[in-house]
file work_39.cif (mmCIF, N, CA and C atoms and all ligand atoms)
data_model
loop_
_atom_site.label_atom_id
_atom_site.label_comp_id
_atom_site.auth_asym_id
_atom_site.auth_seq_id
_atom_site.Cartn_x
_atom_site.Cartn_y
_atom_site.Cartn_z
N MET U 14 -174.23 27.30 18.03
CA MET U 14 -174.40 28.70 18.41
C MET U 14 -173.35 29.54 17.71
N THR U 15 -173.71 30.25 16.66
CA THR U 15 -172.77 31.13 15.99
C THR U 15 -173.44 32.46 15.76
N ASN U 16 -172.65 33.44 15.42
CA ASN U 16 -173.23 34.74 15.10
C ASN U 16 -173.24 34.97 13.61
N GLY U 17 -173.06 33.91 12.84
CA GLY U 17 -173.05 34.02 11.40
C GLY U 17 -171.66 34.10 10.82
N ASN U 18 -170.67 34.37 11.66
CA ASN U 18 -169.28 34.39 11.21
C ASN U 18 -168.56 33.21 11.84
N ALA U 19 -168.24 32.23 11.02
CA ALA U 19 -167.67 30.99 11.53
C ALA U 19 -166.31 31.20 12.18
N ASN U 20 -165.65 32.32 11.93
CA ASN U 20 -164.31 32.54 12.47
C ASN U 20 -164.33 33.21 13.84
N VAL U 21 -165.48 33.60 14.31
CA VAL U 21 -165.57 34.32 15.59
C VAL U 21 -166.14 33.38 16.65
N ALA U 22 -165.39 33.23 17.75
CA ALA U 22 -165.85 32.35 18.82
C ALA U 22 -166.98 33.00 19.59
N ILE U 23 -167.92 32.19 20.01
CA ILE U 23 -169.03 32.67 20.80
C ILE U 23 -168.83 32.22 22.24
N LYS U 24 -168.72 33.16 23.15
CA LYS U 24 -168.67 32.84 24.57
C LYS U 24 -170.11 32.81 25.06
N PRO U 25 -170.44 32.14 26.14
CA PRO U 25 -169.49 31.55 27.07
C PRO U 25 -168.99 30.18 26.61
N GLU U 26 -167.83 29.85 27.13
CA GLU U 26 -167.30 28.52 26.89
C GLU U 26 -168.18 27.49 27.60
N PRO U 27 -168.19 26.26 27.09
CA PRO U 27 -168.93 25.22 27.79
C PRO U 27 -168.34 24.96 29.17
N ARG U 28 -169.17 24.59 30.10
CA ARG U 28 -168.73 24.32 31.48
C ARG U 28 -168.83 22.84 31.77
N PRO U 29 -168.02 22.38 32.73
CA PRO U 29 -168.09 20.95 33.07
C PRO U 29 -169.47 20.58 33.59
N GLU U 30 -169.88 19.38 33.30
CA GLU U 30 -171.08 18.85 33.95
C GLU U 30 -170.71 18.52 35.38
N VAL U 31 -171.61 18.78 36.31
CA VAL U 31 -171.26 18.60 37.71
C VAL U 31 -172.24 17.67 38.40
N PRO U 32 -171.94 16.38 38.34
CA PRO U 32 -172.73 15.47 39.17
C PRO U 32 -172.47 15.77 40.65
N ASP U 33 -173.41 15.40 41.50
CA ASP U 33 -173.27 15.67 42.94
C ASP U 33 -171.93 15.20 43.49
N LEU U 34 -171.48 14.07 42.96
CA LEU U 34 -170.26 13.45 43.48
C LEU U 34 -169.04 14.36 43.36
N SER U 35 -168.98 15.18 42.31
CA SER U 35 -167.80 16.01 42.11
C SER U 35 -167.99 17.47 42.52
N MET U 36 -169.16 17.81 43.03
CA MET U 36 -169.41 19.20 43.41
C MET U 36 -168.39 19.74 44.41
N PRO U 37 -167.99 18.97 45.44
CA PRO U 37 -166.98 19.50 46.38
C PRO U 37 -165.68 19.91 45.69
N PHE U 38 -165.31 19.19 44.63
CA PHE U 38 -164.09 19.54 43.87
C PHE U 38 -164.20 20.95 43.30
N TRP U 39 -165.36 21.26 42.69
CA TRP U 39 -165.55 22.57 42.06
C TRP U 39 -165.70 23.66 43.11
N ASP U 40 -166.36 23.34 44.22
CA ASP U 40 -166.47 24.32 45.32
C ASP U 40 -165.09 24.67 45.86
N ALA U 41 -164.24 23.65 46.02
CA ALA U 41 -162.89 23.89 46.53
C ALA U 41 -162.06 24.68 45.52
N ALA U 42 -162.22 24.36 44.25
CA ALA U 42 -161.47 25.09 43.21
C ALA U 42 -161.80 26.58 43.26
N ARG U 43 -163.06 26.88 43.51
CA ARG U 43 -163.46 28.29 43.60
C ARG U 43 -162.75 28.98 44.77
N ASP U 44 -162.42 28.21 45.80
CA ASP U 44 -161.65 28.74 46.93
C ASP U 44 -160.14 28.57 46.73
N HIS U 45 -159.76 28.19 45.52
CA HIS U 45 -158.35 27.98 45.15
C HIS U 45 -157.69 26.90 45.99
N LYS U 46 -158.44 25.82 46.18
CA LYS U 46 -157.89 24.64 46.84
C LYS U 46 -158.09 23.45 45.92
N LEU U 47 -157.08 22.60 45.87
CA LEU U 47 -157.18 21.38 45.07
C LEU U 47 -157.41 20.21 46.01
N ILE U 48 -158.56 19.57 45.86
CA ILE U 48 -158.88 18.42 46.71
C ILE U 48 -159.12 17.20 45.83
N ILE U 49 -158.74 16.05 46.38
CA ILE U 49 -158.77 14.78 45.64
C ILE U 49 -159.34 13.72 46.59
N PRO U 50 -160.12 12.77 46.06
CA PRO U 50 -160.62 11.69 46.93
C PRO U 50 -159.48 10.82 47.46
N ARG U 51 -159.56 10.50 48.77
CA ARG U 51 -158.58 9.60 49.36
C ARG U 51 -159.32 8.53 50.15
N CYS U 52 -158.96 7.29 49.87
CA CYS U 52 -159.62 6.14 50.50
C CYS U 52 -159.12 5.98 51.94
N ARG U 53 -160.06 5.80 52.88
CA ARG U 53 -159.65 5.61 54.27
C ARG U 53 -159.00 4.24 54.49
N PRO U 54 -159.61 3.15 54.04
CA PRO U 54 -159.00 1.83 54.31
C PRO U 54 -157.60 1.65 53.70
N CYS U 55 -157.40 2.03 52.44
CA CYS U 55 -156.10 1.75 51.81
C CYS U 55 -155.22 3.00 51.72
N ASN U 56 -155.78 4.15 52.10
CA ASN U 56 -155.01 5.39 52.20
C ASN U 56 -154.56 5.99 50.86
N ARG U 57 -155.04 5.42 49.76
CA ARG U 57 -154.59 5.92 48.45
C ARG U 57 -155.53 7.00 47.92
N PHE U 58 -154.92 7.94 47.19
CA PHE U 58 -155.71 8.90 46.42
C PHE U 58 -156.21 8.22 45.16
N PHE U 59 -157.33 8.69 44.64
CA PHE U 59 -157.75 8.22 43.32
C PHE U 59 -158.48 9.33 42.58
N TRP U 60 -158.52 9.20 41.29
CA TRP U 60 -159.22 10.15 40.43
C TRP U 60 -159.79 9.39 39.27
N TYR U 61 -161.02 9.57 39.01
CA TYR U 61 -161.98 10.60 39.31
C TYR U 61 -162.83 10.18 40.52
N PRO U 62 -163.63 11.12 41.07
CA PRO U 62 -164.49 10.77 42.18
C PRO U 62 -165.53 9.73 41.78
N ARG U 63 -165.69 8.71 42.58
CA ARG U 63 -166.69 7.67 42.31
C ARG U 63 -167.10 7.04 43.63
N GLU U 64 -168.12 6.20 43.56
CA GLU U 64 -168.68 5.63 44.78
C GLU U 64 -167.65 4.83 45.57
N ALA U 65 -166.91 3.97 44.87
CA ALA U 65 -165.98 3.06 45.56
C ALA U 65 -164.54 3.33 45.13
N CYS U 66 -163.63 3.16 46.07
CA CYS U 66 -162.20 3.26 45.76
C CYS U 66 -161.84 2.20 44.71
N PRO U 67 -161.18 2.62 43.61
CA PRO U 67 -160.85 1.65 42.56
C PRO U 67 -159.70 0.72 42.95
N ASN U 68 -159.00 1.04 44.04
CA ASN U 68 -157.86 0.20 44.45
C ASN U 68 -158.31 -0.97 45.32
N CYS U 69 -159.16 -0.69 46.29
CA CYS U 69 -159.54 -1.76 47.21
C CYS U 69 -161.04 -2.07 47.15
N LEU U 70 -161.79 -1.28 46.35
CA LEU U 70 -163.22 -1.50 46.15
C LEU U 70 -164.05 -1.34 47.42
N GLU U 71 -163.46 -0.72 48.45
CA GLU U 71 -164.25 -0.37 49.63
C GLU U 71 -165.23 0.71 49.23
N SER U 72 -166.45 0.56 49.60
CA SER U 72 -167.46 1.52 49.19
C SER U 72 -167.67 2.58 50.25
N ASP U 73 -167.88 3.81 49.78
CA ASP U 73 -168.35 4.87 50.64
C ASP U 73 -167.45 5.11 51.85
N SER U 74 -166.18 4.89 51.68
CA SER U 74 -165.29 5.10 52.82
C SER U 74 -164.07 5.91 52.39
N TRP U 75 -164.36 6.98 51.64
CA TRP U 75 -163.28 7.88 51.25
C TRP U 75 -163.67 9.31 51.62
N GLU U 76 -162.68 10.18 51.60
CA GLU U 76 -162.94 11.57 51.93
C GLU U 76 -162.12 12.46 50.99
N TRP U 77 -162.57 13.70 50.86
CA TRP U 77 -161.81 14.68 50.09
C TRP U 77 -160.64 15.16 50.91
N GLN U 78 -159.48 15.24 50.30
CA GLN U 78 -158.31 15.74 51.02
C GLN U 78 -157.56 16.74 50.16
N GLU U 79 -157.14 17.84 50.76
CA GLU U 79 -156.38 18.83 50.01
C GLU U 79 -154.99 18.27 49.68
N VAL U 80 -154.53 18.53 48.46
CA VAL U 80 -153.21 18.03 48.03
C VAL U 80 -152.29 19.22 47.76
N SER U 81 -151.02 18.89 47.48
CA SER U 81 -149.98 19.92 47.41
C SER U 81 -150.14 20.86 46.23
N GLY U 82 -150.69 20.37 45.13
CA GLY U 82 -150.73 21.17 43.91
C GLY U 82 -149.47 21.04 43.08
N ASN U 83 -148.53 20.24 43.55
CA ASN U 83 -147.29 19.99 42.81
C ASN U 83 -147.49 18.77 41.91
N ALA U 84 -146.92 18.86 40.71
CA ALA U 84 -147.20 17.82 39.72
C ALA U 84 -146.09 17.77 38.67
N ARG U 85 -146.21 16.77 37.79
CA ARG U 85 -145.33 16.68 36.63
C ARG U 85 -146.20 16.44 35.40
N LEU U 86 -145.66 16.82 34.26
CA LEU U 86 -146.41 16.63 33.01
C LEU U 86 -146.22 15.20 32.54
N HIS U 87 -147.28 14.42 32.57
CA HIS U 87 -147.19 13.01 32.17
C HIS U 87 -147.19 12.88 30.65
N THR U 88 -148.17 13.49 30.00
CA THR U 88 -148.19 13.53 28.54
C THR U 88 -149.08 14.68 28.10
N PHE U 89 -149.00 15.02 26.83
CA PHE U 89 -149.76 16.18 26.36
C PHE U 89 -149.94 16.12 24.86
N THR U 90 -150.86 16.94 24.39
CA THR U 90 -150.94 17.25 22.97
C THR U 90 -151.20 18.74 22.87
N ILE U 91 -150.83 19.31 21.74
CA ILE U 91 -151.08 20.72 21.52
C ILE U 91 -152.26 20.85 20.56
N VAL U 92 -153.25 21.58 21.01
CA VAL U 92 -154.48 21.74 20.24
C VAL U 92 -154.37 23.00 19.37
N TYR U 93 -154.47 22.78 18.07
CA TYR U 93 -154.48 23.90 17.12
C TYR U 93 -155.87 24.13 16.53
N GLN U 94 -156.67 23.04 16.54
CA GLN U 94 -158.03 23.14 16.00
C GLN U 94 -159.00 22.68 17.07
N PRO U 95 -159.58 23.62 17.81
CA PRO U 95 -160.44 23.25 18.94
C PRO U 95 -161.70 22.52 18.49
N GLN U 96 -162.17 21.63 19.35
CA GLN U 96 -163.39 20.89 19.05
C GLN U 96 -164.63 21.74 19.23
N HIS U 97 -164.52 22.80 20.04
CA HIS U 97 -165.67 23.66 20.28
C HIS U 97 -165.29 25.08 19.85
N PRO U 98 -166.16 25.77 19.12
CA PRO U 98 -165.80 27.10 18.62
C PRO U 98 -165.47 28.12 19.70
N ALA U 99 -165.96 27.91 20.93
CA ALA U 99 -165.68 28.86 22.00
C ALA U 99 -164.20 28.92 22.36
N PHE U 100 -163.45 27.89 21.98
CA PHE U 100 -162.02 27.85 22.32
C PHE U 100 -161.15 28.35 21.17
N GLN U 101 -161.77 28.86 20.11
CA GLN U 101 -161.02 29.25 18.92
C GLN U 101 -159.91 30.27 19.25
N GLU U 102 -160.21 31.23 20.10
CA GLU U 102 -159.21 32.26 20.36
C GLU U 102 -158.13 31.80 21.35
N ASP U 103 -158.31 30.62 21.92
CA ASP U 103 -157.32 30.11 22.89
C ASP U 103 -156.21 29.30 22.23
N VAL U 104 -156.38 28.89 20.99
CA VAL U 104 -155.38 28.03 20.36
C VAL U 104 -154.14 28.84 19.99
N PRO U 105 -152.95 28.20 19.98
CA PRO U 105 -152.75 26.83 20.43
C PRO U 105 -152.75 26.75 21.96
N TYR U 106 -153.24 25.63 22.48
CA TYR U 106 -153.16 25.41 23.92
C TYR U 106 -152.75 23.96 24.21
N VAL U 107 -152.28 23.75 25.43
CA VAL U 107 -151.77 22.43 25.81
C VAL U 107 -152.87 21.66 26.53
N PHE U 108 -153.27 20.55 25.94
CA PHE U 108 -154.19 19.62 26.60
C PHE U 108 -153.31 18.53 27.20
N ALA U 109 -153.40 18.36 28.52
CA ALA U 109 -152.39 17.57 29.22
C ALA U 109 -152.99 16.52 30.15
N ILE U 110 -152.22 15.48 30.36
CA ILE U 110 -152.44 14.59 31.49
C ILE U 110 -151.34 14.91 32.49
N VAL U 111 -151.77 15.37 33.66
CA VAL U 111 -150.86 15.84 34.69
C VAL U 111 -150.88 14.84 35.84
N GLN U 112 -149.69 14.48 36.32
CA GLN U 112 -149.62 13.55 37.45
C GLN U 112 -149.27 14.32 38.71
N LEU U 113 -150.20 14.34 39.64
CA LEU U 113 -149.94 14.99 40.92
C LEU U 113 -148.87 14.23 41.68
N ASP U 114 -148.16 14.93 42.56
CA ASP U 114 -147.15 14.25 43.39
C ASP U 114 -147.80 13.18 44.27
N GLU U 115 -149.09 13.33 44.51
CA GLU U 115 -149.82 12.32 45.29
C GLU U 115 -150.16 11.10 44.45
N GLY U 116 -149.85 11.11 43.17
CA GLY U 116 -149.94 9.90 42.35
C GLY U 116 -151.05 9.86 41.31
N VAL U 117 -152.11 10.64 41.49
CA VAL U 117 -153.22 10.53 40.54
C VAL U 117 -152.97 11.42 39.32
N ARG U 118 -153.61 11.04 38.23
CA ARG U 118 -153.47 11.79 36.98
C ARG U 118 -154.79 12.46 36.62
N LEU U 119 -154.69 13.73 36.25
CA LEU U 119 -155.86 14.52 35.87
C LEU U 119 -155.68 15.04 34.45
N MET U 120 -156.79 15.24 33.77
CA MET U 120 -156.76 15.98 32.51
C MET U 120 -156.86 17.46 32.84
N SER U 121 -156.01 18.25 32.19
CA SER U 121 -156.02 19.68 32.47
C SER U 121 -155.34 20.41 31.31
N ASN U 122 -155.04 21.67 31.55
CA ASN U 122 -154.27 22.46 30.61
C ASN U 122 -153.01 22.95 31.30
N VAL U 123 -151.93 23.08 30.51
CA VAL U 123 -150.73 23.73 31.01
C VAL U 123 -150.69 25.11 30.37
N VAL U 124 -150.56 26.13 31.22
CA VAL U 124 -150.64 27.52 30.76
C VAL U 124 -149.39 28.29 31.19
N ASP U 125 -149.29 29.52 30.74
CA ASP U 125 -148.19 30.42 31.09
C ASP U 125 -146.84 29.93 30.61
N LEU U 126 -146.78 29.46 29.37
CA LEU U 126 -145.51 29.05 28.78
C LEU U 126 -145.61 29.20 27.27
N ASP U 127 -144.45 29.21 26.62
CA ASP U 127 -144.42 29.32 25.17
C ASP U 127 -144.71 27.96 24.55
N ILE U 128 -145.66 27.95 23.63
CA ILE U 128 -146.10 26.71 22.98
C ILE U 128 -145.65 26.75 21.52
N PRO U 129 -144.96 25.72 21.03
CA PRO U 129 -144.69 24.45 21.70
C PRO U 129 -143.34 24.36 22.39
N GLU U 130 -142.46 25.39 22.25
CA GLU U 130 -141.05 25.19 22.60
C GLU U 130 -140.80 24.91 24.08
N ASP U 131 -141.65 25.38 24.97
CA ASP U 131 -141.38 25.19 26.40
C ASP U 131 -142.14 24.02 27.03
N VAL U 132 -142.87 23.27 26.23
CA VAL U 132 -143.65 22.15 26.77
C VAL U 132 -142.79 20.89 26.69
N GLU U 133 -142.65 20.22 27.84
CA GLU U 133 -141.75 19.07 27.89
C GLU U 133 -142.30 18.02 28.85
N ILE U 134 -142.30 16.77 28.40
CA ILE U 134 -142.70 15.67 29.26
C ILE U 134 -141.87 15.71 30.55
N ASP U 135 -142.49 15.45 31.67
CA ASP U 135 -141.83 15.40 32.99
C ASP U 135 -141.52 16.77 33.59
N MET U 136 -141.85 17.84 32.88
CA MET U 136 -141.59 19.15 33.46
C MET U 136 -142.39 19.31 34.76
N ARG U 137 -141.82 20.03 35.71
CA ARG U 137 -142.48 20.26 36.99
C ARG U 137 -143.56 21.33 36.81
N LEU U 138 -144.68 21.06 37.46
CA LEU U 138 -145.84 21.94 37.33
C LEU U 138 -146.39 22.29 38.70
N ARG U 139 -147.16 23.34 38.69
CA ARG U 139 -147.81 23.79 39.93
C ARG U 139 -149.24 24.16 39.56
N VAL U 140 -150.18 23.78 40.40
CA VAL U 140 -151.58 24.10 40.11
C VAL U 140 -151.78 25.60 39.98
N LYS U 141 -152.69 25.97 39.07
CA LYS U 141 -153.03 27.37 38.90
C LYS U 141 -154.54 27.45 38.69
N PHE U 142 -155.18 28.24 39.53
CA PHE U 142 -156.64 28.32 39.47
C PHE U 142 -157.06 29.46 38.55
N ASP U 143 -157.88 29.11 37.58
CA ASP U 143 -158.32 30.07 36.57
C ASP U 143 -159.78 30.42 36.84
N ASP U 144 -159.99 31.61 37.39
CA ASP U 144 -161.36 32.07 37.69
C ASP U 144 -161.99 32.56 36.39
N VAL U 145 -162.66 31.66 35.70
CA VAL U 145 -163.22 32.02 34.39
C VAL U 145 -164.52 32.80 34.52
N SER U 146 -165.16 32.71 35.67
CA SER U 146 -166.35 33.53 35.93
C SER U 146 -166.54 33.57 37.44
N GLU U 147 -167.58 34.26 37.88
CA GLU U 147 -167.84 34.30 39.33
C GLU U 147 -168.19 32.92 39.87
N ASP U 148 -168.79 32.11 39.03
CA ASP U 148 -169.27 30.80 39.47
C ASP U 148 -168.27 29.67 39.22
N TRP U 149 -167.34 29.90 38.29
CA TRP U 149 -166.51 28.80 37.84
C TRP U 149 -165.04 29.09 37.95
N THR U 150 -164.34 28.16 38.56
CA THR U 150 -162.88 28.19 38.56
C THR U 150 -162.39 26.87 37.99
N LEU U 151 -161.53 26.96 37.00
CA LEU U 151 -160.97 25.75 36.41
C LEU U 151 -159.59 25.49 36.99
N VAL U 152 -159.26 24.21 37.11
CA VAL U 152 -157.97 23.80 37.66
C VAL U 152 -157.00 23.57 36.51
N LYS U 153 -156.01 24.44 36.42
CA LYS U 153 -155.00 24.33 35.36
C LYS U 153 -153.62 24.22 36.04
N PHE U 154 -152.59 24.09 35.21
CA PHE U 154 -151.23 23.96 35.74
C PHE U 154 -150.30 24.88 34.96
N ALA U 155 -149.28 25.35 35.68
CA ALA U 155 -148.27 26.22 35.06
C ALA U 155 -146.89 25.70 35.45
N PRO U 156 -145.85 26.06 34.71
CA PRO U 156 -144.50 25.63 35.09
C PRO U 156 -144.18 26.01 36.53
N ALA U 157 -143.56 25.08 37.25
CA ALA U 157 -143.26 25.34 38.67
C ALA U 157 -142.07 26.27 38.81
ZN ZN W 1 -159.02 1.94 48.86
#
call {"tool": "encode", "arguments": {"input": "work_39.cif", "output": "structure tokens"}}
result
Amino acid sequence: MTNGNANVAIKPEPRPEVPDLSMPFWDAARDHKLIIPRCRPCNRFFWYPREACPNCLESDSWEWQEVSGNARLHTFTIVYQPQHPAFQEDVPYVFAIVQLDEGVRLMSNVVDLDIPEDVEIDMRLRVKFDDVSEDWTLVKFAPA
């Protein structure tokens, strides 16, 4: 999808695919809440949402639980050449693996900082909800 000028990004940006299993996550994000699956038998959080807890393999015995939104930067890369043209005007941006204080790691973006000089492994982060449209809120992170 282009308008004939390869240098101009075409919105809208692509949106996540939403299987039924992860719909509560996106609904909560729209309400600016971060929820993560937590297994009832073993009490551990896990990510991504799936039928069975990956720790104890108990099936269908987990629930969504709101988490603190506090995290640390586990690892990252800085994207200068986006894979999709809709992100052309966003570069450079931080593509990150973020570890929540509750232990699980999510793929996200770190925003509201100078790139690359302020990006640092282990830096403290706080969830930030990005209302990209009326229907979609993305879960990102900013320096705490
Ligand atoms: Zn479990």
call {"tool": "residues_near_ligand", "arguments": {"input": "work_39.cif", "ligand": "ligand ZN 1 (chain W)", "cutoff": "8 Å", "atoms": "only N, CA and C atoms and all ligand atoms", "output": "list in words"}}
result
Arg51, Cys52, Arg53, Pro54, Cys55, Asn56, Arg57, Phe58, Ala65, Cys66, Pro67, Asn68, Cys69, Leu70, Glu71, Ser72, Ser74 and Trp75 of chain U
call {"tool": "closest_residue", "arguments": {"input": "work_39.cif", "among": "U:Val104, U:Leu34, U:Val152, U:Val92", "to": "U:Arg63", "atoms": "all atoms listed in the file"}}
result
U:Leu34
call {"tool": "atom_distance", "arguments": {"input": "work_39.cif", "atom1": "atom C of U:His97", "atom2": "atom CA of U:Ile110"}}
result
20.3 Å
call {"tool": "residues_around", "arguments": {"input": "work_39.cif", "residues": "U:Tyr93", "least_positions_apart": "2", "cutoff": "7 Å", "atoms": "all atoms listed in the file", "output": "PyMOL selection string"}}
result
chain U and resi 91+95+104-106
call {"tool": "closest_residue", "arguments": {"input": "work_39.cif", "among": "U:Ala109, U:Tyr61, U:Ala99, U:Asn83", "to": "U:Arg139", "atoms": "all atoms listed in the file"}}
result
U:Asn83
call {"tool": "atom_distance", "arguments": {"input": "work_39.cif", "atom1": "atom CA of U:Gln78", "atom2": "atom CA of U:Lys153"}}
result
18.2 Å
call {"tool": "closest_residue", "arguments": {"input": "work_39.cif", "among": "U:Ala84, U:Ala157, U:Ala41, U:Val124", "to": "U:Gln112", "atoms": "only N, CA and C atoms"}}
result
U:Ala84
call {"tool": "closest_residue", "arguments": {"input": "work_39.cif", "among": "U:Met36, U:Ile48, U:Leu86, U:Val80", "to": "U:Asp135", "atoms": "all atoms listed in the file"}}
result
U:Leu86
call {"tool": "atom_distance", "arguments": {"input": "work_39.cif", "atom1": "atom N of U:Glu26", "atom2": "atom C of U:Trp39"}}
result
17.3 Å
call {"tool": "closest_residue", "arguments": {"input": "work_39.cif", "among": "U:His87, U:Lys46, U:Arg28, U:Lys141", "to": "U:Phe100", "atoms": "only C-alpha atoms"}}
result
U:Arg28
call {"tool": "closest_atom_pairs", "arguments": {"input": "work_39.cif", "of": "stretch 22-133 of chain U", "to": "stretch 142-145 of chain U", "cutoff": "8 Å", "atoms": "all atoms listed in the file", "output": "JSON lines"}}
result
{"residue": "U:Ala42", "atom": "C", "partner": "U:Phe142", "partner_atom": "CA", "distance": 6.6}
{"residue": "U:Arg43", "atom": "CA", "partner": "U:Asp144", "partner_atom": "CA", "distance": 7.3}
{"residue": "U:His45", "atom": "CA", "partner": "U:Phe142", "partner_atom": "CA", "distance": 5.9}
{"residue": "U:Lys46", "atom": "N", "partner": "U:Phe142", "partner_atom": "CA", "distance": 7.4}
call {"tool": "select_by_dssp", "arguments": {"input": "work_39.cif", "residues": "chain U", "states": "strand (DSSP E)", "output": "MDAnalysis selection string"}}
result
chainID U and resid 48:52 75:79 83:92 106:113 118:123 137:144 150:156
call {"tool": "residues_around", "arguments": {"input": "work_39.cif", "residues": "U:Val107", "least_positions_apart": "6", "cutoff": "9 Å", "atoms": "only C-alpha atoms", "output": "number ranges by chain"}}
result
U: 89-92, 121-124, 128-129, 132
call {"tool": "select_by_dssp", "arguments": {"input": "work_39.cif", "residues": "stretch 49-126 of chain U", "states": "helix (DSSP H, G or I)", "output": "NGL selection string"}}
result
:U and (98-103)
call {"tool": "write_last_selection", "arguments": {"input": "work_39.cif", "atoms": "N, CA and C atoms", "output": "PDB file, keeping the file's coordinate frame"}}
result
ATOM      1  N   PRO U  98    -166.160  25.770  19.120  1.00  0.00           N
ATOM      2  CA  PRO U  98    -165.800  27.100  18.620  1.00  0.00           C
ATOM      3  C   PRO U  98    -165.470  28.120  19.700  1.00  0.00           C
ATOM      4  N   ALA U  99    -165.960  27.910  20.930  1.00  0.00           N
ATOM      5  CA  ALA U  99    -165.680  28.860  22.000  1.00  0.00           C
ATOM      6  C   ALA U  99    -164.200  28.920  22.360  1.00  0.00           C
ATOM      7  N   PHE U 100    -163.450  27.890  21.980  1.00  0.00           N
ATOM      8  CA  PHE U 100    -162.020  27.850  22.320  1.00  0.00           C
ATOM      9  C   PHE U 100    -161.150  28.350  21.170  1.00  0.00           C
ATOM     10  N   GLN U 101    -161.770  28.860  20.110  1.00  0.00           N
ATOM     11  CA  GLN U 101    -161.020  29.250  18.920  1.00  0.00           C
ATOM     12  C   GLN U 101    -159.910  30.270  19.250  1.00  0.00           C
ATOM     13  N   GLU U 102    -160.210  31.230  20.100  1.00  0.00           N
ATOM     14  CA  GLU U 102    -159.210  32.260  20.360  1.00  0.00           C
ATOM     15  C   GLU U 102    -158.130  31.800  21.350  1.00  0.00           C
ATOM     16  N   ASP U 103    -158.310  30.620  21.920  1.00  0.00           N
ATOM     17  CA  ASP U 103    -157.320  30.110  22.890  1.00  0.00           C
ATOM     18  C   ASP U 103    -156.210  29.300  22.230  1.00  0.00           C
TER      19      ASP U 103
END
call {"tool": "closest_residue", "arguments": {"input": "work_39.cif", "among": "U:Glu64, U:Asp103, U:Glu147, U:Glu115", "to": "U:Glu79", "atoms": "only C-alpha atoms"}}
result
U:Glu115
